[in-house]
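Data block for input_10.cif (mmCIF, C-alpha atoms):
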```cif
data_start
loop_
_atom_site.group_PDB
_atom_site.id
_atom_site.type_symbol
_atom_site.label_atom_id
_atom_site.label_comp_id
_atom_site.auth_asym_id
_atom_site.auth_seq_id
_atom_site.Cartn_x
_atom_site.Cartn_y
_atom_site.Cartn_z
ATOM 1 C CA MET A 1 101.598 27.058 -30.458
ATOM 2 C CA VAL A 2 103.238 23.990 -31.981
ATOM 3 C CA PHE A 3 102.090 21.881 -29.039
ATOM 4 C CA THR A 4 98.503 23.122 -29.395
ATOM 5 C CA VAL A 5 98.396 22.516 -33.156
ATOM 6 C CA GLY A 6 99.975 19.081 -32.809
ATOM 7 C CA LEU A 7 97.620 18.099 -30.038
ATOM 8 C CA GLY A 8 94.656 19.295 -32.089
ATOM 9 C CA ILE A 9 95.719 17.290 -35.142
ATOM 10 C CA PHE A 10 96.223 14.201 -33.015
ATOM 11 C CA ALA A 11 93.018 14.630 -31.019
ATOM 12 C CA TYR A 12 90.626 15.361 -33.902
ATOM 13 C CA PRO A 13 90.148 11.781 -35.196
ATOM 14 C CA ILE A 14 89.965 10.411 -31.649
ATOM 15 C CA VAL A 15 87.367 12.935 -30.506
ATOM 16 C CA SER A 16 85.331 12.758 -33.721
ATOM 17 C CA ASN A 17 85.297 8.955 -33.639
ATOM 18 C CA TYR A 18 84.276 9.033 -29.973
ATOM 19 C CA LEU A 19 81.375 11.349 -30.822
ATOM 20 C CA TYR A 20 80.400 9.103 -33.741
ATOM 21 C CA GLU A 21 80.419 6.030 -31.504
ATOM 22 C CA ARG A 22 78.182 7.770 -28.949
ATOM 23 C CA ALA A 23 75.774 8.778 -31.732
ATOM 24 C CA ALA A 24 75.833 5.235 -33.143
ATOM 25 C CA ASP A 25 75.102 3.819 -29.689
ATOM 26 C CA SER A 26 72.080 6.100 -29.434
ATOM 27 C CA VAL A 27 70.817 5.090 -32.886
ATOM 28 C CA ASN A 28 71.305 1.392 -32.125
ATOM 29 C CA ASN A 29 69.563 1.685 -28.756
ATOM 30 C CA ASP A 30 66.616 3.420 -30.418
ATOM 31 C CA PHE A 31 66.503 0.631 -32.999
ATOM 32 C CA ASP A 32 66.499 -2.085 -30.332
ATOM 33 C CA SER A 33 63.810 -0.274 -28.328
ATOM 34 C CA SER A 34 61.608 0.172 -31.402
ATOM 35 C CA VAL A 35 62.039 -3.467 -32.409
ATOM 36 C CA ALA A 36 60.935 -4.570 -28.941
ATOM 37 C CA LYS A 37 57.620 -2.758 -29.514
ATOM 38 C CA ILE A 38 56.843 -4.551 -32.789
ATOM 39 C CA THR A 39 54.322 -7.352 -32.376
ATOM 40 C CA ASP A 40 55.378 -10.933 -33.041
ATOM 41 C CA SER A 41 52.852 -11.209 -35.860
ATOM 42 C CA GLU A 42 54.280 -8.148 -37.619
ATOM 43 C CA VAL A 43 57.834 -9.458 -37.201
ATOM 44 C CA ASP A 44 56.766 -12.801 -38.702
ATOM 45 C CA GLU A 45 55.105 -11.042 -41.621
ATOM 46 C CA ARG A 46 58.152 -8.885 -42.303
ATOM 47 C CA LEU A 47 60.550 -11.819 -42.104
ATOM 48 C CA LYS A 48 58.414 -13.849 -44.515
ATOM 49 C CA LEU A 49 58.794 -11.058 -47.067
ATOM 50 C CA ALA A 50 62.550 -10.949 -46.474
ATOM 51 C CA GLU A 51 62.807 -14.736 -46.763
ATOM 52 C CA ALA A 52 60.862 -14.614 -50.033
ATOM 53 C CA TYR A 53 63.314 -12.014 -51.344
ATOM 54 C CA ASN A 54 66.268 -14.195 -50.365
ATOM 55 C CA ALA A 55 64.671 -17.274 -51.898
ATOM 56 C CA LEU A 56 64.352 -15.391 -55.178
ATOM 57 C CA LEU A 57 68.038 -14.473 -55.074
ATOM 58 C CA SER A 58 69.178 -18.001 -54.232
ATOM 59 C CA GLY A 59 67.594 -19.263 -57.426
ATOM 60 C CA ASP A 60 70.067 -17.186 -59.426
ATOM 61 C CA SER A 61 73.482 -16.813 -57.817
ATOM 62 C CA ASP A 62 75.102 -15.426 -60.975
ATOM 63 C CA SER A 63 77.710 -12.921 -59.785
ATOM 64 C CA ALA A 64 77.182 -10.887 -62.962
ATOM 65 C CA ALA A 65 74.011 -9.569 -61.319
ATOM 66 C CA LEU A 66 76.152 -7.892 -58.665
ATOM 67 C CA ALA A 67 78.129 -4.684 -58.964
ATOM 68 C CA ASP A 68 81.057 -3.242 -57.037
ATOM 69 C CA PRO A 69 79.441 -1.077 -54.318
ATOM 70 C CA TYR A 70 82.118 1.609 -54.597
ATOM 71 C CA THR A 71 81.481 2.629 -58.197
ATOM 72 C CA GLN A 72 80.004 6.115 -58.519
ATOM 73 C CA GLU A 73 76.872 4.672 -60.134
ATOM 74 C CA GLN A 74 76.208 2.398 -57.177
ATOM 75 C CA MET A 75 77.012 5.061 -54.598
ATOM 76 C CA ASP A 76 74.653 7.551 -56.266
ATOM 77 C CA ALA A 77 71.779 5.061 -56.254
ATOM 78 C CA GLY A 78 70.534 6.206 -52.858
ATOM 79 C CA LEU A 79 68.378 4.263 -50.408
ATOM 80 C CA GLN A 80 66.743 1.187 -51.849
ATOM 81 C CA GLU A 81 63.147 -0.033 -51.547
ATOM 82 C CA TYR A 82 64.073 -3.721 -51.481
ATOM 83 C CA ALA A 83 64.795 -3.813 -47.730
ATOM 84 C CA ARG A 84 61.814 -1.810 -46.458
ATOM 85 C CA MET A 85 60.366 -4.846 -44.651
ATOM 86 C CA LEU A 86 63.401 -4.894 -42.330
ATOM 87 C CA GLU A 87 63.671 -1.175 -41.698
ATOM 88 C CA VAL A 88 62.974 0.572 -38.431
ATOM 89 C CA SER A 89 63.555 4.318 -38.865
ATOM 90 C CA GLU A 90 65.529 3.555 -42.061
ATOM 91 C CA GLN A 91 67.868 1.209 -40.159
ATOM 92 C CA ILE A 92 67.784 -2.535 -40.902
ATOM 93 C CA GLY A 93 69.985 -3.554 -37.972
ATOM 94 C CA HIS A 94 73.466 -3.150 -36.557
ATOM 95 C CA VAL A 95 76.665 -5.181 -36.733
ATOM 96 C CA VAL A 96 78.689 -5.911 -33.604
ATOM 97 C CA ILE A 97 82.356 -6.894 -34.042
ATOM 98 C CA PRO A 98 83.762 -7.484 -30.535
ATOM 99 C CA LYS A 99 87.414 -7.779 -31.624
ATOM 100 C CA LEU A 100 87.245 -4.284 -33.132
ATOM 101 C CA ALA A 101 85.056 -2.867 -30.330
ATOM 102 C CA LEU A 102 82.639 -1.923 -33.099
ATOM 103 C CA ASP A 103 78.844 -1.609 -33.023
ATOM 104 C CA VAL A 104 77.528 0.346 -36.016
ATOM 105 C CA PRO A 105 74.152 0.752 -37.759
ATOM 106 C CA ILE A 106 73.301 -1.083 -40.978
ATOM 107 C CA TYR A 107 71.310 0.649 -43.710
ATOM 108 C CA ALA A 108 69.983 -0.466 -47.080
ATOM 109 C CA GLY A 109 72.101 0.349 -50.120
ATOM 110 C CA THR A 110 75.609 1.680 -50.607
ATOM 111 C CA SER A 111 75.008 5.347 -51.378
ATOM 112 C CA GLU A 112 77.631 7.779 -50.132
ATOM 113 C CA ALA A 113 75.080 9.143 -47.658
ATOM 114 C CA VAL A 114 74.693 5.648 -46.185
ATOM 115 C CA LEU A 115 78.420 4.898 -46.061
ATOM 116 C CA GLN A 116 79.113 8.202 -44.318
ATOM 117 C CA LYS A 117 76.824 7.333 -41.418
ATOM 118 C CA GLY A 118 77.208 3.577 -41.096
ATOM 119 C CA ILE A 119 77.434 0.239 -42.860
ATOM 120 C CA GLY A 120 75.570 -0.415 -46.099
ATOM 121 C CA HIS A 121 73.882 -3.611 -47.214
ATOM 122 C CA MET A 122 74.900 -4.402 -50.780
ATOM 123 C CA GLU A 123 71.855 -4.585 -53.024
ATOM 124 C CA GLY A 124 71.647 -7.799 -55.026
ATOM 125 C CA THR A 125 72.870 -9.907 -52.102
ATOM 126 C CA SER A 126 70.782 -11.729 -49.499
ATOM 127 C CA LEU A 127 69.162 -9.681 -46.775
ATOM 128 C CA PRO A 128 71.023 -10.175 -43.453
ATOM 129 C CA ILE A 129 68.455 -12.402 -41.746
ATOM 130 C CA GLY A 130 70.312 -15.728 -41.983
ATOM 131 C CA GLY A 131 68.949 -18.900 -43.508
ATOM 132 C CA ASN A 132 70.080 -21.667 -45.806
ATOM 133 C CA ASN A 133 71.214 -20.639 -49.296
ATOM 134 C CA THR A 134 71.946 -17.027 -48.317
ATOM 135 C CA HIS A 135 74.972 -14.768 -48.655
ATOM 136 C CA ALA A 136 74.558 -11.228 -47.346
ATOM 137 C CA VAL A 137 77.228 -8.586 -47.986
ATOM 138 C CA LEU A 138 77.816 -5.549 -45.773
ATOM 139 C CA THR A 139 80.099 -2.746 -46.935
ATOM 140 C CA GLY A 140 81.810 0.055 -45.049
ATOM 141 C CA HIS A 141 84.373 2.794 -45.582
ATOM 142 C CA ARG A 142 87.920 2.851 -44.211
ATOM 143 C CA GLY A 143 89.816 5.924 -43.147
ATOM 144 C CA LEU A 144 86.990 8.397 -42.591
ATOM 145 C CA PRO A 145 88.375 11.128 -40.300
ATOM 146 C CA GLU A 146 85.195 11.243 -38.227
ATOM 147 C CA ALA A 147 84.478 7.496 -37.910
ATOM 148 C CA GLU A 148 86.547 4.301 -38.018
ATOM 149 C CA LEU A 149 83.785 2.027 -39.424
ATOM 150 C CA PHE A 150 85.679 -0.754 -41.281
ATOM 151 C CA THR A 151 89.120 0.914 -40.958
ATOM 152 C CA GLU A 152 90.479 -2.005 -38.909
ATOM 153 C CA LEU A 153 88.632 -4.772 -40.737
ATOM 154 C CA ASP A 154 91.974 -6.230 -41.826
ATOM 155 C CA GLU A 155 92.663 -7.106 -38.171
ATOM 156 C CA LEU A 156 89.999 -9.823 -38.214
ATOM 157 C CA GLU A 157 91.320 -13.378 -38.412
ATOM 158 C CA ILE A 158 89.928 -16.821 -39.172
ATOM 159 C CA GLY A 159 87.809 -17.885 -36.205
ATOM 160 C CA ASP A 160 86.819 -14.384 -35.055
ATOM 161 C CA LYS A 161 83.114 -13.813 -34.447
ATOM 162 C CA PHE A 162 80.710 -10.981 -35.142
ATOM 163 C CA TYR A 163 76.984 -10.478 -34.653
ATOM 164 C CA ILE A 164 74.027 -9.081 -36.569
ATOM 165 C CA LYS A 165 71.166 -7.455 -34.637
ATOM 166 C CA TYR A 166 67.922 -7.223 -36.633
ATOM 167 C CA ILE A 167 64.152 -7.360 -36.099
ATOM 168 C CA GLY A 168 64.284 -11.140 -35.730
ATOM 169 C CA GLY A 169 66.895 -11.124 -32.944
ATOM 170 C CA THR A 170 70.646 -11.777 -33.092
ATOM 171 C CA LEU A 171 72.674 -13.827 -35.581
ATOM 172 C CA ALA A 172 76.212 -15.054 -34.842
ATOM 173 C CA TYR A 173 78.862 -15.530 -37.542
ATOM 174 C CA GLN A 174 82.419 -16.876 -37.475
ATOM 175 C CA VAL A 175 85.064 -15.809 -39.990
ATOM 176 C CA ASP A 176 86.188 -18.689 -42.227
ATOM 177 C CA GLN A 177 87.762 -16.962 -45.246
ATOM 178 C CA ILE A 178 89.652 -13.724 -45.930
ATOM 179 C CA LYS A 179 90.500 -12.648 -49.479
ATOM 180 C CA VAL A 180 91.684 -9.607 -51.408
ATOM 181 C CA VAL A 181 90.215 -9.337 -54.903
ATOM 182 C CA GLU A 182 89.940 -6.962 -57.832
ATOM 183 C CA PRO A 183 86.906 -4.632 -57.701
ATOM 184 C CA THR A 184 85.405 -6.450 -60.683
ATOM 185 C CA ASP A 185 85.822 -9.928 -59.168
ATOM 186 C CA LEU A 186 82.542 -10.547 -57.347
ATOM 187 C CA SER A 187 82.458 -14.322 -57.676
ATOM 188 C CA GLU A 188 83.143 -14.721 -53.945
ATOM 189 C CA LEU A 189 79.900 -12.892 -53.121
ATOM 190 C CA SER A 190 77.544 -15.350 -54.783
ATOM 191 C CA VAL A 191 75.107 -17.566 -52.898
ATOM 192 C CA VAL A 192 76.565 -21.011 -52.210
ATOM 193 C CA GLN A 193 73.875 -23.661 -52.063
ATOM 194 C CA GLY A 194 73.526 -25.217 -48.626
ATOM 195 C CA HIS A 195 75.406 -22.418 -46.819
ATOM 196 C CA ASP A 196 74.550 -19.390 -44.695
ATOM 197 C CA TYR A 197 77.278 -16.802 -45.346
ATOM 198 C CA LEU A 198 77.810 -13.136 -44.585
ATOM 199 C CA THR A 199 80.726 -11.150 -46.007
ATOM 200 C CA LEU A 200 82.126 -7.859 -44.728
ATOM 201 C CA LEU A 201 83.569 -5.820 -47.609
ATOM 202 C CA THR A 202 85.768 -2.738 -47.718
ATOM 203 C CA CYS A 203 88.425 -1.097 -49.873
ATOM 204 C CA THR A 204 92.094 -2.040 -49.536
ATOM 205 C CA PRO A 205 94.991 -1.248 -49.205
ATOM 206 C CA TYR A 206 94.262 1.492 -46.701
ATOM 207 C CA MET A 207 94.126 4.919 -48.409
ATOM 208 C CA VAL A 208 94.931 3.331 -51.789
ATOM 209 C CA ASN A 209 91.625 1.497 -52.323
ATOM 210 C CA SER A 210 92.643 -0.342 -55.478
ATOM 211 C CA HIS A 211 91.232 -3.695 -54.333
ATOM 212 C CA ARG A 212 88.487 -5.129 -52.146
ATOM 213 C CA LEU A 213 88.968 -6.918 -48.817
ATOM 214 C CA LEU A 214 86.407 -9.688 -48.302
ATOM 215 C CA VAL A 215 85.962 -11.149 -44.820
ATOM 216 C CA ARG A 216 83.541 -14.051 -45.147
ATOM 217 C CA ALA A 217 81.877 -15.809 -42.215
ATOM 218 C CA HIS A 218 79.444 -18.682 -41.744
ATOM 219 C CA ARG A 219 76.587 -18.680 -39.303
ATOM 220 C CA ILE A 220 77.031 -20.405 -35.941
ATOM 221 C CA GLU A 221 74.837 -20.880 -32.891
ATOM 222 C CA TYR A 222 74.287 -17.641 -30.986
ATOM 223 C CA VAL A 223 75.238 -17.748 -27.301
ATOM 224 C CA GLU A 224 74.564 -14.451 -25.529
ATOM 225 C CA ALA A 225 77.092 -15.079 -22.746
ATOM 226 C CA VAL A 226 79.868 -15.609 -25.315
ATOM 227 C CA GLU A 227 79.073 -12.326 -27.062
ATOM 228 C CA GLU A 228 78.988 -10.384 -23.788
ATOM 229 C CA ASN A 229 82.341 -11.840 -22.705
ATOM 230 C CA GLU A 230 83.959 -11.022 -26.063
ATOM 231 C CA ILE A 231 82.665 -7.449 -25.923
ATOM 232 C CA LYS A 232 83.957 -6.960 -22.379
ATOM 233 C CA GLU A 233 87.425 -8.285 -23.278
ATOM 234 C CA SER A 234 87.676 -6.169 -26.431
ATOM 235 C CA GLN A 235 86.653 -2.995 -24.596
ATOM 236 C CA THR A 236 89.397 -3.579 -22.021
ATOM 237 C CA ASN A 237 92.017 -4.270 -24.717
ATOM 238 C CA TYR A 238 91.028 -1.182 -26.709
ATOM 239 C CA LEU A 239 91.149 0.978 -23.607
ATOM 240 C CA TYR A 240 94.731 -0.039 -22.818
ATOM 241 C CA ARG A 241 95.795 0.261 -26.448
ATOM 242 C CA ASN A 242 94.292 3.725 -26.848
ATOM 243 C CA LEU A 243 95.901 4.876 -23.598
ATOM 244 C CA PHE A 244 99.277 3.644 -24.861
ATOM 245 C CA TYR A 245 98.935 5.441 -28.203
ATOM 246 C CA ALA A 246 97.657 8.606 -26.539
ATOM 247 C CA THR A 247 100.585 8.641 -24.104
ATOM 248 C CA LEU A 248 103.061 7.985 -26.917
ATOM 249 C CA ALA A 249 101.595 10.758 -29.054
ATOM 250 C CA VAL A 250 101.712 13.281 -26.213
ATOM 251 C CA LEU A 251 105.355 12.364 -25.506
ATOM 252 C CA ILE A 252 106.262 12.846 -29.164
ATOM 253 C CA ILE A 253 104.541 16.231 -29.254
ATOM 254 C CA VAL A 254 106.280 17.322 -26.039
ATOM 255 C CA LEU A 255 109.667 16.221 -27.416
ATOM 256 C CA LEU A 256 109.050 18.147 -30.636
ATOM 257 C CA TRP A 257 108.098 21.216 -28.630
ATOM 258 C CA LEU A 258 111.236 20.925 -26.486
ATOM 259 C CA LEU A 259 113.381 20.517 -29.602
ATOM 260 C CA LEU A 260 111.812 23.552 -31.248
ATOM 261 C CA HIS A 261 112.193 25.553 -28.037
ATOM 262 C CA TYR A 262 115.880 24.553 -27.832
ATOM 263 C CA LEU A 263 116.531 25.532 -31.461
ATOM 264 C CA GLN A 264 114.809 28.894 -31.006
ATOM 265 C CA ASN A 265 116.852 29.646 -27.880
ATOM 266 C CA ARG A 266 120.076 28.683 -29.642
ATOM 267 C CA LYS A 267 119.199 30.971 -32.528
ATOM 268 C CA ILE A 268 118.533 33.835 -30.121
ATOM 269 C CA ARG A 269 121.861 33.247 -28.357
ATOM 270 C CA LYS A 270 123.734 33.272 -31.669
ATOM 271 C CA GLU A 271 122.063 36.537 -32.661
ATOM 272 C CA LYS A 272 123.034 38.070 -29.320
ATOM 273 C CA ASP A 273 126.629 36.879 -29.758
ATOM 274 C CA LEU A 274 126.776 38.543 -33.173
ATOM 275 C CA LEU A 275 125.615 41.829 -31.689
ATOM 276 C CA LYS A 276 128.390 41.858 -29.072
#
```
Take the structure in this file and express it as structure tokens.
Amino acid sequence: MVFTVGLGIFAYPIVSNYLYERAADSVNNDFDSSVAKITDSEVDERLKLAEAYNALLSGDSDSAALADPYTQEQMDAGLQEYARMLEVSEQIGHVVIPKLALDVPIYAGTSEAVLQKGIGHMEGTSLPIGGNNTHAVLTGHRGLPEAELFTELDELEIGDKFYIKYIGGTLAYQVDQIKVVEPTDLSELSVVQGHDYLTLLTCTPYMVNSHRLLVRAHRIEYVEAVEENEIKESQTNYLYRNLFYATLAVLIIVLLWLLLHYLQNRKIRKEKDLLK
């Protein structure tokens, strides 16, 4: 009984995250397939609208226009109209972080419904299409029992790369700054003239959520072979790591079961001795 309960508790987040990842893969594949069917002229038209939106934002980079995406007001706002030109079945793209073996959908807004199913684009920041004088911000939860999302975002280091898949293709970014700030300090999310930035944002410390972790990156040249190699390496590393943790957890559960079994037998023997 103890073994079964312990194994169930241990297995739940692993199984639920595995199921989430399979569902996310399906959603992302559908997105990529749908994007491939969009004509070049329609893609150009959509991107022009997105670029116009970003140009409007870059003219006023006042951080006071932004708001912490994890306030109840922001999370209740729901899906936003501002990113409709990028959407394909409500999805505006997906973010691939090879080091974390992560590939999750991106949606517009930071409502709780969005953050439960993927990564949200923070309204009031540049749309994630790249370009000079842009600074897009993507937000994600940590510690959801059914999906990791940005749980391991703190493992990223300066120099790590991640990728944005959208209707215009693939954008590559390299981490150049990592900061922890107060929820009200949004100065680091403003557009910086002459730069193409994208920041990944989540709550920190883990399970406390009193501050915000900002992982900023600048755009670099996209090389498909580099991305594929990074993904392959990360998948291998995660496989070995997960096997190690799974083996360790099973050993701990078995040891606990053996200890409990030993204590129960000793108690039974003592009771028998008292009856003699």
Contacts of Lys165 in chain A within 7 Å, all atoms listed in the file, excl. fewer than 6 positions in-chain, as a PyMOL selection string | chain A and resi 93-95+171
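Summary of the local environment: counting only C-alpha atoms, residues at most 10 Å from Thr170 in chain A, other than itself and those fewer than 6 positions away along its chain, are Gly93, His94, Val95, Val96, Ile129, Gly130, Tyr163, Ile164, Tyr222, Val223 and Glu224 of chain A.
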For Tyr20 in chain A, which of A:Glu228, A:Glu148, A:Glu90, A:Glu182 is the closest residue, counting all atoms listed in the file?
-> A:Glu148
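Among A:Ser210, A:Asn29, A:Ser58, A:Gln264, the residue with the shortest atom-to-atom distance to Asn133 in chain A, counting only C-alpha atoms, is A:Ser58.
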Distance criterion (all atoms listed in the file): nearest to Ala36 in chain A out of A:Val88, A:Leu243, A:Ile268, A:Met207 | A:Val88
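When CA of Arg46 in chain A is paired with CA of Leu201 in chain A, their separation reads 26.1 Å.
Relative to CA of Pro145 in chain A, CA of Leu251 in chain A is found at 22.6 Å.
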Spell out the residues picked by the PyMOL selection byres ((chain A and resi 157) around 10) here, as a PyMOL selection string.
-> chain A and resi 99+153-156+158-161+174-178+215
Store the residues picked out above in a file with C-alpha atoms, as a JSON list (two decimals), in the coordinates of the input.
```
[["chain", "number", "residue", "atom", "x", "y", "z"],
["A", 99, "LYS", "CA", 87.41, -7.78, -31.62],
["A", 153, "LEU", "CA", 88.63, -4.77, -40.74],
["A", 154, "ASP", "CA", 91.97, -6.23, -41.83],
["A", 155, "GLU", "CA", 92.66, -7.11, -38.17],
["A", 156, "LEU", "CA", 90.00, -9.82, -38.21],
["A", 158, "ILE", "CA", 89.93, -16.82, -39.17],
["A", 159, "GLY", "CA", 87.81, -17.89, -36.20],
["A", 160, "ASP", "CA", 86.82, -14.38, -35.06],
["A", 161, "LYS", "CA", 83.11, -13.81, -34.45],
["A", 174, "GLN", "CA", 82.42, -16.88, -37.48],
["A", 175, "VAL", "CA", 85.06, -15.81, -39.99],
["A", 176, "ASP", "CA", 86.19, -18.69, -42.23],
["A", 177, "GLN", "CA", 87.76, -16.96, -45.25],
["A", 178, "ILE", "CA", 89.65, -13.72, -45.93],
["A", 215, "VAL", "CA", 85.96, -11.15, -44.82]]
```
Could you spell out the hits of the PyMOL selection byres ((chain A and resi 121) around 12) on the shown file, as number ranges by chain?
-> A: 69, 74-75, 78-80, 82-83, 86-87, 91-95, 105-111, 114-115, 118-120, 122-129, 135-140, 164, 198-202
List the neighbours of Leu49 in chain A out to 9 Å using only C-alpha atoms; skip same-chain residues closer than 5 positions along the sequence, and give me the result as a tab-separated table (two decimals) with C-alpha atoms, in the frame of the given file.
```tsv
chain	number	residue	atom	x	y	z
A	44	ASP	CA	56.77	-12.80	-38.70
A	54	ASN	CA	66.27	-14.20	-50.36
A	85	MET	CA	60.37	-4.85	-44.65
```
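Atom to atom, CA of Glu188 in chain A and CA of Ala55 in chain A stand 18.8 Å apart.
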Can you fill out range 132-150 of chain A with N, CA and C atoms and hand it back as a CSV table (one decimal), in the coordinates of the input?
```
chain,number,residue,atom,x,y,z
A,132,ASN,N,69.4,-20.8,-44.8
A,132,ASN,CA,70.1,-21.7,-45.8
A,132,ASN,C,70.1,-21.0,-47.2
A,133,ASN,N,71.1,-21.2,-47.9
A,133,ASN,CA,71.2,-20.6,-49.3
A,133,ASN,C,71.2,-19.1,-49.3
A,134,THR,N,71.9,-18.5,-48.4
A,134,THR,CA,71.9,-17.0,-48.3
A,134,THR,C,73.4,-16.6,-48.2
A,135,HIS,N,73.6,-15.4,-48.7
A,135,HIS,CA,75.0,-14.8,-48.7
A,135,HIS,C,74.8,-13.3,-48.7
A,136,ALA,N,74.7,-12.7,-47.5
A,136,ALA,CA,74.6,-11.2,-47.3
A,136,ALA,C,75.9,-10.6,-47.4
A,137,VAL,N,76.0,-9.3,-47.9
A,137,VAL,CA,77.2,-8.6,-48.0
A,137,VAL,C,77.0,-7.2,-47.4
A,138,LEU,N,77.9,-6.9,-46.4
A,138,LEU,CA,77.8,-5.5,-45.8
A,138,LEU,C,79.1,-4.8,-46.1
A,139,THR,N,78.9,-3.5,-46.5
A,139,THR,CA,80.1,-2.7,-46.9
A,139,THR,C,80.3,-1.5,-46.0
A,140,GLY,N,81.5,-1.1,-45.9
A,140,GLY,CA,81.8,0.1,-45.0
A,140,GLY,C,83.1,0.7,-45.5
A,141,HIS,N,83.2,2.0,-45.2
A,141,HIS,CA,84.4,2.8,-45.6
A,141,HIS,C,85.5,2.5,-44.6
A,142,ARG,N,86.7,2.8,-45.1
A,142,ARG,CA,87.9,2.9,-44.2
A,142,ARG,C,88.5,4.3,-44.3
A,143,GLY,N,89.1,4.7,-43.1
A,143,GLY,CA,89.8,5.9,-43.1
A,143,GLY,C,89.0,7.2,-43.1
A,144,LEU,N,87.7,7.1,-42.8
A,144,LEU,CA,87.0,8.4,-42.6
A,144,LEU,C,87.5,9.1,-41.4
A,145,PRO,N,87.8,10.4,-41.4
A,145,PRO,CA,88.4,11.1,-40.3
A,145,PRO,C,87.5,11.2,-39.1
A,146,GLU,N,86.1,11.1,-39.3
A,146,GLU,CA,85.2,11.2,-38.2
A,146,GLU,C,84.7,9.9,-37.7
A,147,ALA,N,85.0,8.8,-38.4
A,147,ALA,CA,84.5,7.5,-37.9
A,147,ALA,C,85.4,6.4,-38.5
A,148,GLU,N,85.7,5.4,-37.6
A,148,GLU,CA,86.5,4.3,-38.0
A,148,GLU,C,85.8,3.3,-38.9
A,149,LEU,N,84.6,3.0,-38.6
A,149,LEU,CA,83.8,2.0,-39.4
A,149,LEU,C,84.6,0.8,-39.7
A,150,PHE,N,84.9,0.5,-41.0
A,150,PHE,CA,85.7,-0.8,-41.3
A,150,PHE,C,87.2,-0.5,-41.4
```
